[in-house]
file run.txt (compact mmCIF, C-alpha atoms)
# COMPACT_ATOMS: atom_id res chain seq x y z
CA MET A 264 101.44 101.91 117.41
CA ILE A 265 102.50 99.90 114.33
CA SER A 266 99.08 100.13 112.68
CA GLU A 267 99.47 103.93 112.57
CA THR A 268 102.65 103.54 110.51
CA ALA A 269 100.95 101.19 108.05
CA LEU A 270 97.91 103.46 107.74
CA LYS A 271 100.15 106.50 107.24
CA PHE A 272 101.90 104.56 104.44
CA VAL A 273 98.48 103.97 102.84
CA GLY A 274 97.77 107.69 103.17
CA CYS A 275 101.00 108.46 101.31
CA ILE A 276 99.99 106.04 98.56
CA ASN A 277 96.52 107.58 98.27
CA ALA A 278 98.09 111.05 98.09
CA HIS A 279 100.60 109.79 95.48
CA ASP A 280 103.24 111.39 97.68
CA LEU A 281 106.51 109.66 96.82
CA LYS A 282 108.49 111.77 99.29
CA CYS A 283 106.15 110.72 102.10
CA LEU A 284 106.34 107.07 101.00
CA THR A 285 110.11 107.00 100.92
CA SER A 286 110.33 108.71 104.30
CA LEU A 287 108.37 105.80 105.77
CA MET A 288 110.52 103.08 104.14
CA THR A 289 113.45 101.48 105.90
CA GLY A 290 116.77 101.61 104.04
CA ASP A 291 116.37 97.95 103.12
CA HIS A 292 112.63 98.22 102.34
CA VAL A 293 111.24 95.41 100.17
CA PHE A 294 108.08 95.52 98.06
CA ILE A 295 106.56 92.17 97.07
CA ASP A 296 103.88 92.26 94.38
CA SER A 297 100.97 89.88 93.95
CA LEU A 298 103.08 87.63 91.71
CA GLY A 299 105.77 87.30 94.38
CA GLU A 300 108.27 89.57 92.60
CA ARG A 301 110.53 91.38 95.07
CA SER A 302 111.86 94.91 94.61
CA GLY A 303 114.10 96.95 96.86
CA ARG A 304 115.16 100.53 96.99
CA PRO A 305 115.75 102.53 94.82
CA ALA A 306 113.92 100.43 92.19
CA ILE A 307 110.70 100.52 94.18
CA GLU A 308 110.82 104.33 94.29
CA THR A 309 110.98 104.38 90.50
CA GLY A 310 108.25 101.73 90.38
CA TRP A 311 105.84 103.80 92.48
CA ARG A 312 106.48 106.89 90.33
CA GLN A 313 105.75 104.91 87.15
CA TYR A 314 102.66 103.32 88.69
CA PHE A 315 101.25 106.70 89.73
CA ASP A 316 101.79 107.89 86.13
CA MET A 317 100.09 104.79 84.75
CA VAL A 318 97.18 104.89 87.23
CA PRO A 319 96.93 108.59 88.16
CA ASP A 320 93.90 108.08 90.40
CA TYR A 321 95.14 104.90 92.13
CA TRP A 322 93.60 104.43 95.55
CA ILE A 323 93.54 101.98 98.43
CA ARG A 324 90.59 101.54 100.79
CA ILE A 325 91.17 99.78 104.09
CA ASP A 326 88.22 98.01 105.67
CA ARG A 327 89.97 95.94 108.32
CA VAL A 328 93.26 96.00 110.21
CA LEU A 329 94.81 93.01 112.00
CA ILE A 330 98.03 93.15 114.02
CA GLU A 331 100.38 90.39 115.12
CA GLY A 332 103.79 91.30 116.48
CA ASP A 333 105.56 93.58 114.01
CA THR A 334 103.14 92.73 111.19
CA VAL A 335 100.02 94.61 110.13
CA VAL A 336 97.50 93.02 107.75
CA LEU A 337 95.23 95.45 105.93
CA ALA A 338 92.18 94.18 104.04
CA GLY A 339 90.11 96.21 101.61
CA ALA A 340 90.19 97.13 97.95
CA ALA A 341 92.32 98.97 95.41
CA GLY A 342 91.44 100.60 92.14
CA GLY A 343 91.94 103.40 89.70
CA THR A 344 91.99 104.17 86.01
CA PHE A 345 94.70 102.79 83.74
CA VAL A 346 96.03 105.54 81.48
CA PRO A 347 98.31 104.15 78.77
CA GLY A 348 101.27 106.22 77.65
CA GLY A 349 100.28 109.41 79.44
CA GLY A 350 96.99 109.60 77.58
CA ARG A 351 93.64 110.65 78.97
CA PRO A 352 91.67 108.65 81.54
CA ARG A 353 88.78 106.74 79.96
CA PRO A 354 85.85 105.32 81.96
CA GLY A 355 86.37 101.92 80.30
CA ASN A 356 89.82 101.69 81.87
CA ARG A 357 88.60 101.95 85.47
CA TRP A 358 89.20 98.90 87.65
CA GLU A 359 88.73 97.81 91.24
CA THR A 360 89.71 94.63 93.03
CA PRO A 361 89.67 93.24 96.57
CA ALA A 362 93.13 93.27 98.10
CA VAL A 363 95.11 92.49 101.22
CA TRP A 364 98.39 94.12 102.18
CA MET A 365 100.86 92.89 104.73
CA ALA A 366 103.31 95.36 106.22
CA ARG A 367 106.24 94.49 108.46
CA ILE A 368 107.10 97.47 110.61
CA GLU A 369 110.50 98.28 112.11
CA GLY A 370 110.38 101.24 114.48
CA HIS A 371 108.14 103.72 112.73
CA ARG A 372 109.00 102.60 109.20
CA VAL A 373 107.81 99.98 106.74
CA ALA A 374 110.44 97.28 106.15
CA GLU A 375 108.25 95.15 103.88
CA TRP A 376 105.09 95.93 101.92
CA ARG A 377 103.39 92.97 100.32
CA ILE A 378 100.19 92.91 98.28
CA TYR A 379 97.83 89.99 97.74
CA ALA A 380 95.36 90.87 95.01
CA ASP A 381 93.87 89.69 91.77
CA THR A 382 95.70 91.95 89.32
CA GLU A 383 93.79 90.61 86.33
CA PRO A 384 91.41 93.61 86.17
CA ILE A 385 94.20 96.09 85.42
CA ARG A 386 96.19 93.58 83.33
CA ALA A 387 93.13 93.12 81.08
CA LYS A 388 92.93 96.90 80.60
CA MET A 389 96.64 97.00 79.77
CA ARG A 390 96.34 94.17 77.22
CA ARG A 391 93.35 95.85 75.55
CA ALA A 392 95.19 99.20 75.36
CA SER A 393 98.28 97.57 73.81
CA LYS A 394 96.13 95.99 71.08
CA GLN A 395 94.57 99.39 70.30
CA SER A 396 98.02 101.02 69.88
call {"tool": "encode", "arguments": {"input": "run.txt", "output": "structure tokens"}}
result
Amino acid sequence: MISETALKFVGCINAHDLKCLTSLMTGDHVFIDSLGERSGRPAIETGWRQYFDMVPDYWIRIDRVLIEGDTVVLAGAAGGTFVPGGGRPRPGNRWETPAVWMARIEGHRVAEWRIYADTEPIRAKMRRASKQS
């Protein structure tokens, strides 16, 4: 079932398991962020590694799953704590935002992972941290 692949992908993200994530990506996997920027492999692998360093407790919560053809839509929330420059997590840098992800599945792999979310909560934390540096 294609929803199982998408939910397994989410599990890999929540575990910060890059090896698991990449094993579930097609060779031509595309990541599309909330600003519409597209990234392919291997850049997206590097991007996930950097993101997990920047938000070491990043998580995704799925509240609803919708399926149409080869596409799975996941609705829920995402959050974590922004940690600038490998520093220590600070409670003031925690964020959470509603989010929707759309995954296109080919076989048992994710060909496209797209996020729709208001990224302003983490961007505000990043701007504040850069002013404090």
call {"tool": "atom_distance", "arguments": {"input": "run.txt", "atom1": "atom CA of A:Phe272", "atom2": "atom CA of A:Val373"}}
result
7.8 Å
call {"tool": "residues_around", "arguments": {"input": "run.txt", "residues": "A:Glu300", "least_positions_apart": "3", "cutoff": "12 Å", "atoms": "all atoms listed in the file", "output": "JSON, numbers by chain"}}
result
{"A": [293, 294, 295, 296, 297, 303, 307, 376, 377, 378, 379]}
call {"tool": "atom_distance", "arguments": {"input": "run.txt", "atom1": "atom CA of A:Thr289", "atom2": "atom CA of A:Glu375"}}
result
8.4 Å
call {"tool": "closest_atom_pairs", "arguments": {"input": "run.txt", "of": "stretch 275-332 of chain A", "to": "stretch 348-354 of chain A", "cutoff": "10 Å", "atoms": "all atoms listed in the file", "output": "JSON lines"}}
result
{"residue": "A:Asp316", "atom": "CA", "partner": "A:Gly349", "partner_atom": "CA", "distance": 7.0}
{"residue": "A:Met317", "atom": "CA", "partner": "A:Gly349", "partner_atom": "CA", "distance": 7.0}
{"residue": "A:Val318", "atom": "CA", "partner": "A:Pro352", "partner_atom": "CA", "distance": 8.8}
{"residue": "A:Pro319", "atom": "CA", "partner": "A:Pro352", "partner_atom": "CA", "distance": 8.5}
{"residue": "A:Asp320", "atom": "CA", "partner": "A:Pro352", "partner_atom": "CA", "distance": 9.2}
call {"tool": "residues_around", "arguments": {"input": "run.txt", "residues": "stretch 327-333 of chain A", "least_positions_apart": "3", "cutoff": "8 Å", "atoms": "all atoms listed in the file", "output": "PyMOL selection string"}}
result
chain A and resi 265-266+336-339+367-369
call {"tool": "closest_residue", "arguments": {"input": "run.txt", "among": "A:Arg324, A:Ala306, A:Val335, A:Val273", "to": "A:Met365", "atoms": "all atoms listed in the file"}}
result
A:Val335
call {"tool": "axis_aligned_box", "arguments": {"input": "run.txt", "around": "stretch 346-362 of chain A", "padding_each_side": "5 Å", "output": "AutoDock Vina command-line options"}}
result
--center_x 93.6 --center_y 101.9 --center_z 87.8 --size_x 25.4 --size_y 27.4 --size_z 30.5
call {"tool": "residues_around", "arguments": {"input": "run.txt", "residues": "A:Glu383", "least_positions_apart": "6", "cutoff": "10 Å", "atoms": "all atoms listed in the file", "output": "MDAnalysis selection string"}}
result
chainID A and resid 358 360 389
call {"tool": "residues_around", "arguments": {"input": "run.txt", "residues": "A:Lys282", "least_positions_apart": "5", "cutoff": "12 Å", "atoms": "only C-alpha atoms", "output": "compact mmCIF listing (two decimals) with C-alpha atoms, in the frame of the given file"}}
result
# COMPACT_ATOMS: atom_id res chain seq x y z
CA PHE A 272 101.90 104.56 104.44
CA CYS A 275 101.00 108.46 101.31
CA ILE A 276 99.99 106.04 98.56
CA LEU A 287 108.37 105.80 105.77
CA MET A 288 110.52 103.08 104.14
CA GLU A 308 110.82 104.33 94.29
CA THR A 309 110.98 104.38 90.50
CA TRP A 311 105.84 103.80 92.48
CA ARG A 312 106.48 106.89 90.33
call {"tool": "atom_distance", "arguments": {"input": "run.txt", "atom1": "atom CA of A:Gly299", "atom2": "atom CA of A:Gly343"}}
result
21.7 Å
call {"tool": "closest_residue", "arguments": {"input": "run.txt", "among": "A:Thr285, A:Gln313, A:Asn277, A:Asn356", "to": "A:Arg390", "atoms": "only C-alpha atoms"}}
result
A:Asn356
